[in-house]
file structure-v3.cif (mmCIF, C-alpha atoms)
data_model
#
loop_
_atom_site.label_atom_id
_atom_site.label_comp_id
_atom_site.auth_asym_id
_atom_site.auth_seq_id
_atom_site.Cartn_x
_atom_site.Cartn_y
_atom_site.Cartn_z
CA MET O 1 0.00 0.00 0.00
CA LYS O 2 1.34 3.40 -0.99
CA GLU O 3 1.40 6.49 1.20
CA GLY O 4 -1.95 8.32 1.33
CA GLU O 5 -0.60 11.66 0.08
CA GLU O 6 0.78 10.19 -3.12
CA VAL O 7 -2.33 8.44 -4.33
CA SER O 8 -4.97 11.02 -3.60
CA SER O 9 -3.83 14.39 -4.93
CA ILE O 10 -7.26 15.17 -6.47
CA GLY O 11 -9.02 14.06 -3.30
CA ASN O 12 -6.83 16.47 -1.35
CA TYR O 13 -8.02 19.42 -3.42
CA ALA O 14 -11.74 18.58 -3.39
CA VAL O 15 -12.59 19.87 0.09
CA PRO O 16 -10.54 23.14 0.03
CA VAL O 17 -11.73 23.97 -3.51
CA PHE O 18 -15.32 23.29 -2.53
CA LEU O 19 -14.96 25.56 0.51
CA LEU O 20 -13.28 28.27 -1.57
CA ILE O 21 -16.15 28.27 -4.11
CA ILE O 22 -18.70 28.63 -1.29
CA PHE O 23 -16.82 31.49 0.37
CA MET O 24 -16.32 33.31 -2.95
CA MET O 25 -20.05 32.97 -3.69
CA ALA O 26 -20.84 34.43 -0.26
CA LEU O 27 -18.50 37.35 -0.98
CA ILE O 28 -20.07 37.99 -4.41
CA HIS O 29 -23.63 37.83 -3.12
CA LYS O 30 -22.67 39.89 -0.03
CA THR O 31 -24.37 37.48 2.38
CA ASN O 32 -23.54 37.46 6.08
CA ALA O 33 -21.54 34.23 5.86
CA PHE O 34 -20.69 33.84 9.55
CA ASP O 35 -24.27 34.30 10.76
CA ASP O 36 -25.43 31.84 8.11
CA PHE O 37 -22.77 29.39 9.27
CA VAL O 38 -23.90 29.63 12.89
CA ASP O 39 -27.54 29.16 11.87
CA GLY O 40 -26.76 26.01 9.92
CA ALA O 41 -24.31 24.67 12.48
CA LYS O 42 -26.93 24.95 15.25
CA GLU O 43 -29.22 22.75 13.21
CA GLY O 44 -26.40 20.28 12.50
CA LEU O 45 -25.50 20.02 16.17
CA ALA O 46 -29.14 19.44 17.10
CA THR O 47 -29.37 16.64 14.50
CA THR O 48 -26.21 15.01 15.85
CA VAL O 49 -27.48 15.18 19.44
CA LYS O 50 -30.73 13.55 18.33
CA LEU O 51 -28.65 10.78 16.75
CA ILE O 52 -26.87 9.88 20.05
CA PRO O 53 -29.46 7.42 21.45
CA ASN O 54 -29.80 5.65 18.07
CA LEU O 55 -26.07 5.24 17.64
CA VAL O 56 -25.40 4.18 21.24
CA GLY O 57 -28.08 1.50 20.95
CA MET O 58 -26.86 0.29 17.57
CA ILE O 59 -23.14 0.35 18.35
CA VAL O 60 -23.56 -1.73 21.54
CA ALA O 61 -25.69 -4.27 19.60
CA ILE O 62 -23.08 -4.46 16.84
CA LYS O 63 -20.22 -4.82 19.35
CA VAL O 64 -22.04 -7.73 21.03
CA PHE O 65 -22.71 -9.34 17.65
CA LEU O 66 -19.07 -8.99 16.58
CA ALA O 67 -17.65 -10.04 19.97
CA SER O 68 -19.57 -13.33 19.82
CA GLY O 69 -17.37 -14.42 16.92
CA ILE O 70 -20.24 -15.43 14.68
CA VAL O 71 -18.99 -13.37 11.72
CA GLU O 72 -15.69 -15.29 11.72
CA ARG O 73 -17.62 -18.57 11.89
CA ILE O 74 -19.86 -17.68 8.90
CA ALA O 75 -16.87 -16.27 7.02
CA ALA O 76 -14.98 -19.53 7.58
CA ILE O 77 -17.86 -21.52 6.13
CA LEU O 78 -18.17 -19.18 3.16
CA ALA O 79 -14.41 -18.71 2.72
CA PRO O 80 -14.11 -20.33 -0.74
CA VAL O 81 -17.01 -18.24 -2.12
CA LEU O 82 -15.77 -15.01 -0.53
CA SER O 83 -12.22 -15.38 -1.79
CA THR O 84 -13.40 -16.06 -5.37
CA LEU O 85 -15.53 -12.90 -5.19
CA HIS O 86 -12.64 -10.94 -3.57
CA ILE O 87 -14.88 -10.01 -0.63
CA GLU O 88 -13.07 -9.34 2.66
CA PRO O 89 -15.00 -11.49 5.22
CA PRO O 90 -15.39 -8.72 7.86
CA VAL O 91 -17.39 -6.47 5.47
CA LEU O 92 -19.94 -9.21 4.71
CA PRO O 93 -22.48 -8.16 7.41
CA LEU O 94 -22.18 -4.53 6.28
CA MET O 95 -23.37 -5.51 2.81
CA PHE O 96 -26.57 -6.90 4.33
CA LEU O 97 -27.14 -4.08 6.83
CA ARG O 98 -26.46 -1.18 4.45
CA PRO O 99 -29.78 -1.26 2.53
CA LEU O 100 -31.80 -1.88 5.70
CA SER O 101 -30.81 0.61 8.37
CA GLY O 102 -28.80 3.82 8.26
CA SER O 103 -27.75 3.81 11.92
CA ALA O 104 -26.85 0.09 11.90
CA ALA O 105 -24.70 0.50 8.79
CA LEU O 106 -23.02 3.61 10.18
CA GLY O 107 -22.33 1.84 13.46
CA PHE O 108 -20.94 -1.18 11.64
CA THR O 109 -18.70 0.91 9.41
CA SER O 110 -17.26 2.76 12.38
CA GLU O 111 -16.67 -0.56 14.19
CA LEU O 112 -14.80 -2.02 11.20
CA ILE O 113 -12.71 1.15 10.89
CA GLN O 114 -11.90 1.06 14.61
CA ILE O 115 -11.03 -2.67 14.72
CA HIS O 116 -9.06 -2.93 11.48
CA GLY O 117 -7.76 0.65 11.27
CA PRO O 118 -8.86 3.41 8.88
CA ASP O 119 -6.01 2.78 6.42
CA SER O 120 -6.41 -1.01 6.28
CA LEU O 121 -8.05 -2.73 3.32
CA VAL O 122 -11.12 -3.63 5.41
CA GLY O 123 -11.36 -0.11 6.87
CA ARG O 124 -11.22 1.51 3.46
CA LEU O 125 -13.61 -1.01 1.92
CA ALA O 126 -16.14 -0.36 4.69
CA ALA O 127 -15.79 3.41 4.19
CA VAL O 128 -16.32 3.20 0.42
CA MET O 129 -19.24 0.75 0.71
CA GLN O 130 -20.90 2.94 3.33
CA GLY O 131 -20.32 6.09 1.25
CA SER O 132 -21.37 4.77 -2.13
CA SER O 133 -24.81 3.36 -1.36
CA ASP O 134 -27.82 4.22 0.76
CA THR O 135 -30.59 2.70 2.88
CA THR O 136 -32.33 1.41 -0.27
CA ILE O 137 -35.09 -0.67 1.30
CA TYR O 138 -35.97 2.06 3.79
CA ILE O 139 -36.10 4.76 1.05
CA ILE O 140 -38.30 2.66 -1.23
CA THR O 141 -40.68 1.87 1.64
CA VAL O 142 -41.00 5.54 2.65
CA TYR O 143 -41.37 6.88 -0.93
CA PHE O 144 -43.98 4.31 -1.92
CA ALA O 145 -45.92 4.61 1.32
CA ALA O 146 -46.14 8.40 0.86
CA VAL O 147 -48.27 7.98 -2.29
CA GLY O 148 -49.97 4.73 -1.29
CA LEU O 149 -48.26 2.51 -3.87
CA LYS O 150 -47.96 -1.16 -2.97
CA GLU O 151 -46.23 -2.66 -6.02
CA MET O 152 -42.65 -2.59 -4.68
CA LYS O 153 -41.18 -5.75 -6.19
CA HIS O 154 -39.57 -4.17 -9.24
CA ALA O 155 -38.37 -1.13 -7.28
CA LEU O 156 -36.66 -3.40 -4.75
CA LYS O 157 -34.97 -5.43 -7.49
CA LEU O 158 -33.77 -2.25 -9.17
CA GLY O 159 -32.53 -0.68 -5.92
CA LEU O 160 -30.75 -3.80 -4.70
CA ALA O 161 -29.15 -4.37 -8.12
CA THR O 162 -27.77 -0.82 -7.86
CA ASP O 163 -26.44 -1.59 -4.35
CA ILE O 164 -24.74 -4.80 -5.51
CA MET O 165 -23.08 -2.85 -8.33
CA ALA O 166 -21.93 -0.24 -5.80
CA PHE O 167 -20.38 -2.97 -3.60
CA ILE O 168 -18.60 -4.57 -6.55
CA LEU O 169 -17.35 -1.17 -7.71
CA ALA O 170 -16.23 -0.41 -4.13
CA ILE O 171 -14.13 -3.60 -4.07
CA VAL O 172 -12.70 -2.84 -7.52
CA SER O 173 -11.92 0.82 -6.81
CA VAL O 174 -10.34 0.20 -3.39
CA THR O 175 -8.19 -2.62 -4.80
CA VAL O 176 -7.08 -0.58 -7.82
CA TYR O 177 -6.76 2.84 -6.15
CA PHE O 178 -4.82 1.97 -3.00
CA MET B 1 -37.62 -3.08 10.53
CA ILE B 2 -34.91 -1.41 12.64
CA HIS B 3 -36.14 -2.90 15.90
CA LYS B 4 -35.93 -6.39 14.38
CA ILE B 5 -32.35 -5.81 13.22
CA TRP B 6 -31.44 -4.46 16.64
CA LEU B 7 -32.97 -7.37 18.54
CA SER B 8 -31.45 -9.94 16.15
CA LEU B 9 -27.95 -8.52 16.59
CA PHE B 10 -28.24 -8.87 20.37
CA ILE B 11 -30.04 -12.23 20.47
CA VAL B 12 -27.86 -13.92 17.84
CA GLY B 13 -24.70 -12.46 19.41
CA ILE B 14 -25.57 -13.53 22.96
CA LEU B 15 -26.79 -17.02 22.00
CA TYR B 16 -23.77 -17.67 19.78
CA SER B 17 -21.40 -16.51 22.52
CA PHE B 18 -22.69 -19.32 24.82
CA PHE B 19 -21.96 -21.82 22.08
CA ALA B 20 -18.56 -20.39 21.10
CA GLU B 21 -17.58 -19.57 24.69
CA THR B 22 -17.01 -15.90 23.94
CA THR B 23 -19.15 -14.60 26.82
CA VAL B 24 -16.15 -12.72 28.26
CA GLN B 25 -15.82 -10.67 25.06
CA VAL B 26 -19.58 -10.12 24.85
CA ASN B 27 -19.59 -8.91 28.46
CA GLN B 28 -16.86 -6.44 27.67
CA ALA B 29 -18.72 -5.23 24.56
CA VAL B 30 -21.77 -4.41 26.68
CA VAL B 31 -19.76 -2.62 29.37
CA GLN B 32 -17.36 -0.80 27.06
CA GLY B 33 -19.56 -0.31 23.96
CA ALA B 34 -21.74 2.55 25.13
CA SER B 35 -18.88 4.85 26.11
CA ASP B 36 -17.05 4.01 22.87
CA ALA B 37 -20.18 5.08 21.00
CA ILE B 38 -20.33 8.39 22.84
CA GLN B 39 -16.66 9.07 22.07
CA LEU B 40 -17.25 8.50 18.37
CA ILE B 41 -20.30 10.78 18.38
CA ILE B 42 -18.42 13.58 20.12
CA TYR B 43 -15.82 13.39 17.38
CA LEU B 44 -18.46 13.23 14.64
CA ALA B 45 -20.44 16.10 16.18
CA GLY B 46 -17.61 18.50 15.31
CA ILE B 47 -17.38 17.67 11.65
CA LEU B 48 -21.16 17.38 11.14
CA THR B 49 -21.80 20.70 12.87
CA PHE B 50 -19.14 22.39 10.76
CA TRP B 51 -20.48 21.00 7.47
CA THR B 52 -24.13 21.80 8.07
CA GLY B 53 -22.95 25.35 8.86
CA ILE B 54 -20.94 25.50 5.62
CA LEU B 55 -23.88 24.16 3.62
CA GLN B 56 -26.10 26.87 5.05
CA VAL B 57 -23.54 29.46 3.88
CA ALA B 58 -23.67 27.82 0.42
CA ASN B 59 -27.45 27.85 0.46
CA ARG B 60 -27.74 31.56 1.36
CA ALA B 61 -24.99 32.45 -1.14
CA LYS B 62 -27.22 30.93 -3.85
CA LEU B 63 -24.82 28.09 -4.62
CA LEU B 64 -27.67 25.57 -4.48
CA ASN B 65 -29.68 27.71 -6.97
CA LEU B 66 -26.66 27.80 -9.26
CA LEU B 67 -26.30 24.01 -9.04
CA GLU B 68 -30.00 23.59 -9.78
CA ARG B 69 -29.67 25.69 -12.95
CA MET B 70 -26.59 23.72 -14.00
CA LEU B 71 -28.48 20.46 -13.51
CA THR B 72 -31.50 21.39 -15.63
CA PRO B 73 -30.11 19.67 -18.77
CA VAL B 74 -29.37 16.53 -16.74
CA ILE B 75 -32.91 16.54 -15.37
CA ARG B 76 -34.28 16.83 -18.95
CA ILE B 77 -32.28 13.74 -19.94
CA LEU B 78 -33.40 11.78 -16.86
CA TYR B 79 -37.08 12.70 -17.18
CA PRO B 80 -37.56 13.19 -20.96
CA LYS B 81 -41.32 12.61 -20.95
CA LEU B 82 -42.22 15.26 -18.37
CA LYS B 83 -43.43 18.54 -19.93
CA SER B 84 -41.24 21.49 -18.90
CA ASN B 85 -44.12 22.85 -16.76
CA HIS B 86 -44.69 19.60 -14.85
CA PRO B 87 -44.88 20.52 -11.14
CA ALA B 88 -42.65 17.57 -10.14
CA LEU B 89 -39.58 18.94 -12.00
CA LYS B 90 -38.82 21.60 -9.38
CA TYR B 91 -38.80 19.02 -6.57
CA LEU B 92 -36.84 16.50 -8.63
CA THR B 93 -34.09 19.11 -9.15
CA THR B 94 -33.96 20.19 -5.50
CA ASN B 95 -33.90 16.55 -4.44
CA MET B 96 -30.91 15.84 -6.69
CA VAL B 97 -28.97 18.87 -5.43
CA SER B 98 -29.73 17.99 -1.78
CA ASN B 99 -28.42 14.46 -2.32
CA MET B 100 -25.25 15.70 -4.01
CA MET B 101 -24.56 18.10 -1.15
CA GLY B 102 -25.13 15.37 1.42
CA LEU B 103 -28.23 17.07 2.83
CA GLY B 104 -30.15 13.87 3.53
CA SER B 105 -32.65 15.66 5.75
CA ALA B 106 -33.54 18.04 2.88
CA ALA B 107 -33.55 15.32 0.22
CA THR B 108 -36.34 13.20 1.72
CA PRO B 109 -39.08 15.89 1.93
CA THR B 110 -38.41 17.11 -1.64
CA GLY B 111 -38.30 13.53 -2.90
CA LEU B 112 -41.66 12.82 -1.28
CA LYS B 113 -43.17 15.98 -2.83
CA ALA B 114 -41.86 14.88 -6.23
CA MET B 115 -43.46 11.44 -5.69
CA LYS B 116 -46.81 13.10 -4.93
CA GLU B 117 -46.67 15.27 -8.05
CA LEU B 118 -45.70 12.26 -10.17
CA GLN B 119 -48.57 10.27 -8.69
CA ALA B 120 -51.00 13.12 -9.46
CA THR B 121 -50.43 12.62 -13.22
CA ASN B 122 -50.10 8.84 -13.04
CA PRO B 123 -52.55 7.33 -15.55
CA HIS B 124 -52.55 4.02 -13.62
CA PRO B 125 -52.37 5.15 -9.97
CA GLU B 126 -51.98 1.61 -8.65
CA ARG B 127 -48.71 1.11 -10.56
CA PRO B 128 -45.46 3.10 -10.22
CA THR B 129 -44.34 5.16 -13.24
CA PHE B 130 -41.06 5.36 -15.15
CA GLU B 131 -40.19 8.66 -13.46
CA MET B 132 -40.74 7.22 -9.97
CA TYR B 133 -38.25 4.44 -10.63
CA THR B 134 -35.73 6.99 -11.93
CA LEU B 135 -36.20 9.05 -8.75
CA LEU B 136 -35.69 5.96 -6.58
CA VAL B 137 -32.44 5.01 -8.31
CA MET B 138 -31.20 8.61 -7.93
CA ASN B 139 -31.90 8.45 -4.19
CA THR B 140 -30.82 4.91 -3.33
CA ALA B 141 -27.47 5.23 -5.16
CA GLY B 142 -26.26 7.62 -2.45
CA PHE B 143 -24.32 9.88 -4.83
CA THR B 144 -22.69 12.65 -2.73
CA LEU B 145 -19.96 15.13 -3.65
CA ILE B 146 -18.43 15.38 -0.15
CA PRO B 147 -19.03 12.29 2.05
CA THR B 148 -18.67 14.18 5.34
CA THR B 149 -19.73 11.43 7.77
CA ILE B 150 -17.24 8.92 6.34
CA ILE B 151 -14.44 11.49 6.40
CA GLY B 152 -15.40 12.27 10.01
CA ILE B 153 -15.25 8.62 11.14
CA ARG B 154 -11.91 8.12 9.37
CA ALA B 155 -10.57 11.23 11.07
CA ALA B 156 -11.88 10.04 14.45
CA TYR B 157 -9.71 6.92 14.16
CA GLN B 158 -6.61 8.82 13.04
CA ALA B 159 -6.56 7.99 9.34
CA HIS B 160 -3.36 9.04 7.61
CA ASN B 161 -5.44 11.08 5.18
CA PRO B 162 -9.18 11.04 6.04
CA THR B 163 -10.26 12.34 2.59
CA ASP B 164 -8.35 9.79 0.49
CA VAL B 165 -11.49 7.63 0.02
CA PHE B 166 -13.11 10.54 -1.82
CA LEU B 167 -12.42 9.38 -5.40
CA PRO B 168 -13.29 5.68 -4.87
CA ILE B 169 -16.61 6.74 -3.29
CA ILE B 170 -17.48 9.10 -6.18
CA PHE B 171 -16.47 6.38 -8.64
CA ALA B 172 -18.46 3.57 -6.98
CA SER B 173 -21.61 5.59 -6.30
CA GLY B 174 -21.57 7.43 -9.64
CA LEU B 175 -21.06 4.33 -11.76
CA SER B 176 -23.57 2.24 -9.79
CA MET B 177 -26.12 5.04 -10.23
CA ILE B 178 -25.52 5.10 -14.00
CA GLY B 179 -25.70 1.28 -14.05
CA GLY B 180 -29.00 1.36 -12.15
CA LEU B 181 -30.41 3.94 -14.58
CA LEU B 182 -29.35 1.80 -17.57
CA ILE B 183 -30.99 -1.34 -16.12
CA HIS B 184 -34.09 0.78 -15.49
CA GLN B 185 -34.10 2.11 -19.11
CA PHE B 186 -33.65 -1.35 -20.54
CA TYR B 187 -36.31 -2.94 -18.34
CA SER B 188 -38.80 -0.12 -18.98
CA ARG B 189 -38.59 -0.58 -22.78
CA PHE B 190 -38.88 -4.33 -22.39
CA LYS B 191 -41.82 -4.24 -19.99
CA LYS B 192 -43.42 -1.00 -21.29
CA ILE B 193 -43.59 0.85 -17.98
CA HIS B 194 -45.89 3.87 -18.33
CA SER B 195 -44.93 7.49 -17.69
CA SER B 196 -46.28 10.26 -15.42
CA GLY B 197 -45.86 12.63 -18.36
CA SER B 198 -47.92 10.84 -20.99
CA LEU B 199 -50.36 12.95 -23.04
CA LYS B 200 -53.32 10.96 -21.79
CA SER B 201 -52.70 11.91 -18.19
CA VAL B 202 -52.21 15.61 -19.04
CA ASN B 203 -55.55 15.68 -20.89
CA HIS B 204 -57.15 13.90 -18.02
CA GLU B 205 -55.94 16.58 -15.65
CA ARG B 206 -57.25 19.44 -17.80
CA ARG B 207 -60.76 18.01 -17.76
#
call {"tool": "encode", "arguments": {"input": "structure-v3.cif", "output": "structure tokens"}}
result
Amino acid sequence: MKEGEEVSSIGNYAVPVFLLIIFMMALIHKTNAFDDFVDGAKEGLATTVKLIPNLVGMIVAIKVFLASGIVERIAAILAPVLSTLHIEPPVLPLMFLRPLSGSAALGFTSELIQIHGPDSLVGRLAAVMQGSSDTTIYIITVYFAAVGLKEMKHALKLGLATDIMAFILAIVSVTVYF
Amino acid sequence: MIHKIWLSLFIVGILYSFFAETTVQVNQAVVQGASDAIQLIIYLAGILTFWTGILQVANRAKLLNLLERMLTPVIRILYPKLKSNHPALKYLTTNMVSNMMGLGSAATPTGLKAMKELQATNPHPERPTFEMYTLLVMNTAGFTLIPTTIIGIRAAYQAHNPTDVFLPIIFASGLSMIGGLLIHQFYSRFKKIHSSGSLKSVNHERR
């Protein structure tokens, strides 16, 4: 694995350039940028505080699940399949949790990053899988329920196919990029 | 759904630990887990608070409006059958911008409004339309320009360079979104999925 600063020069520019564009826009439109920042930040902090009980509950459940050793057991059984598909065994549960629950997937990703380290293959794979897909089943349920539609079968197939592609692309991009 | 996942994680974990004799580790997970969680959240709170503040600056400085105007041609390609005055278009655009900026809390309400407008001109209200499937793929692909939460977690655990997953994430989510849209296009031609913007429905509304 190469050093982080060598492989990610474009990634290094993304955040500062993005910030610069926003601040230049604020200057051009003569908005009160600091007051706007404080307004938005208040909301962000409130959202994070609301998230605390969800994440504490989920992270403890995930820690118990992982500490039991069941993932290693299942991974050992599936080892031939997983190695042909180039799937790192520890990320297997994340692939099932990701479409189902946002807080469970976030908790799982942070656990994998903590256990294996943020710059390990597993840590990076978890980060990219978490970042490149969403809570598909939850979104479809909410969107369809809002307009009273019940025919979800095709939507689920489409959404889950997109997720599987995202996971495959995550494995490919992490392997190639790092 | 979430409560079942939560209970299963605990029940499966505890039962398996009796069998595998890992009760010591499970005990420690219960005792230690909660304070670990709080530590992570304290770290995340900083970066999330900062970014929602920055996004509010961007919003008031009309950056989101600018992005919406830039995305109009993309929206026309994604929803070719909707007339340019279809009420859903405005919400579809805002929804796309909110997702790109990582404003999940803003994306859901606009997405739901778009669904309602699409349903209003749905000639077969019991079946989803082409545009609804497109909207779902756009939302479930999780395409975001700056993945702040991931960067925050990586920073919390002392990553060498927390932002270095940026390009792989853009690559994986962007390509899977395009792949999903292509499958959707292909399937819709094959199965003749109807549109919210068909002439029939527009006439129906005028009457």
call {"tool": "resolve_selection", "arguments": {"input": "structure-v3.cif", "expression": "the PyMOL selection byres ((chain B and resi 78) around 10)", "output": "PyMOL selection string"}}
result
chain B and resi 72-77+79-82+131+134-135+138+181+185
call {"tool": "interface_residues", "arguments": {"input": "structure-v3.cif", "of": "chain B", "to": "chain O", "cutoff": "6 Å", "atoms": "all atoms listed in the file", "output": "VMD selection string"}}
result
chain B and resid 9 to 10 13 17 22 25 to 26 29 33 to 34 37 45 49 to 50 52 to 54 56 to 58 61 112 116 140 to 142 154 159 161 164 166 168 to 169 172 to 173 176 180
call {"tool": "atom_distance", "arguments": {"input": "structure-v3.cif", "atom1": "atom CA of Ile87 of chain O", "atom2": "atom CA of His160 of chain B"}}
result
23.7 Å
call {"tool": "closest_residue", "arguments": {"input": "structure-v3.cif", "among": "B:Ala114, B:Ala120, B:Leu71, B:Ala106", "to": "Tyr91 of chain B", "atoms": "all atoms listed in the file"}}
result
B:Ala114
call {"tool": "atom_distance", "arguments": {"input": "structure-v3.cif", "atom1": "atom CA of Pro87 of chain B", "atom2": "atom CA of Tyr187 of chain B"}}
result
26.0 Å
call {"tool": "atom_distance", "arguments": {"input": "structure-v3.cif", "atom1": "atom CA of Gly152 of chain B", "atom2": "atom CA of Lys62 of chain B"}}
result
26.1 Å
call {"tool": "resolve_selection", "arguments": {"input": "structure-v3.cif", "expression": "the PyMOL selection byres ((chain B and resi 145-148) around 8)", "output": "PDB file with C-alpha atoms, in the frame of the given file"}}
result
ATOM      1  CA  VAL O  15     -12.590  19.870   0.090  1.00  0.00           C
ATOM      2  CA  GLY O 131     -20.320   6.090   1.250  1.00  0.00           C
TER       3      GLY O 131
ATOM      4  CA  ILE B  47     -17.380  17.670  11.650  1.00  0.00           C
ATOM      5  CA  LEU B  48     -21.160  17.380  11.140  1.00  0.00           C
ATOM      6  CA  TRP B  51     -20.480  21.000   7.470  1.00  0.00           C
ATOM      7  CA  MET B 100     -25.250  15.700  -4.010  1.00  0.00           C
ATOM      8  CA  MET B 101     -24.560  18.100  -1.150  1.00  0.00           C
ATOM      9  CA  GLY B 102     -25.130  15.370   1.420  1.00  0.00           C
ATOM     10  CA  PHE B 143     -24.320   9.880  -4.830  1.00  0.00           C
ATOM     11  CA  THR B 144     -22.690  12.650  -2.730  1.00  0.00           C
ATOM     12  CA  THR B 149     -19.730  11.430   7.770  1.00  0.00           C
ATOM     13  CA  ILE B 150     -17.240   8.920   6.340  1.00  0.00           C
ATOM     14  CA  ILE B 151     -14.440  11.490   6.400  1.00  0.00           C
ATOM     15  CA  GLY B 152     -15.400  12.270  10.010  1.00  0.00           C
ATOM     16  CA  PHE B 166     -13.110  10.540  -1.820  1.00  0.00           C
ATOM     17  CA  ILE B 170     -17.480   9.100  -6.180  1.00  0.00           C
TER      18      ILE B 170
END
call {"tool": "axis_aligned_box", "arguments": {"input": "structure-v3.cif", "around": "segment 100-107 of chain B", "padding_each_side": "8 Å", "output": "lines of an AutoDock Vina configuration file"}}
result
center_x = -29.1
center_y = 16.0
center_z = 0.9
size_x = 25.0
size_y = 20.2
size_z = 25.8
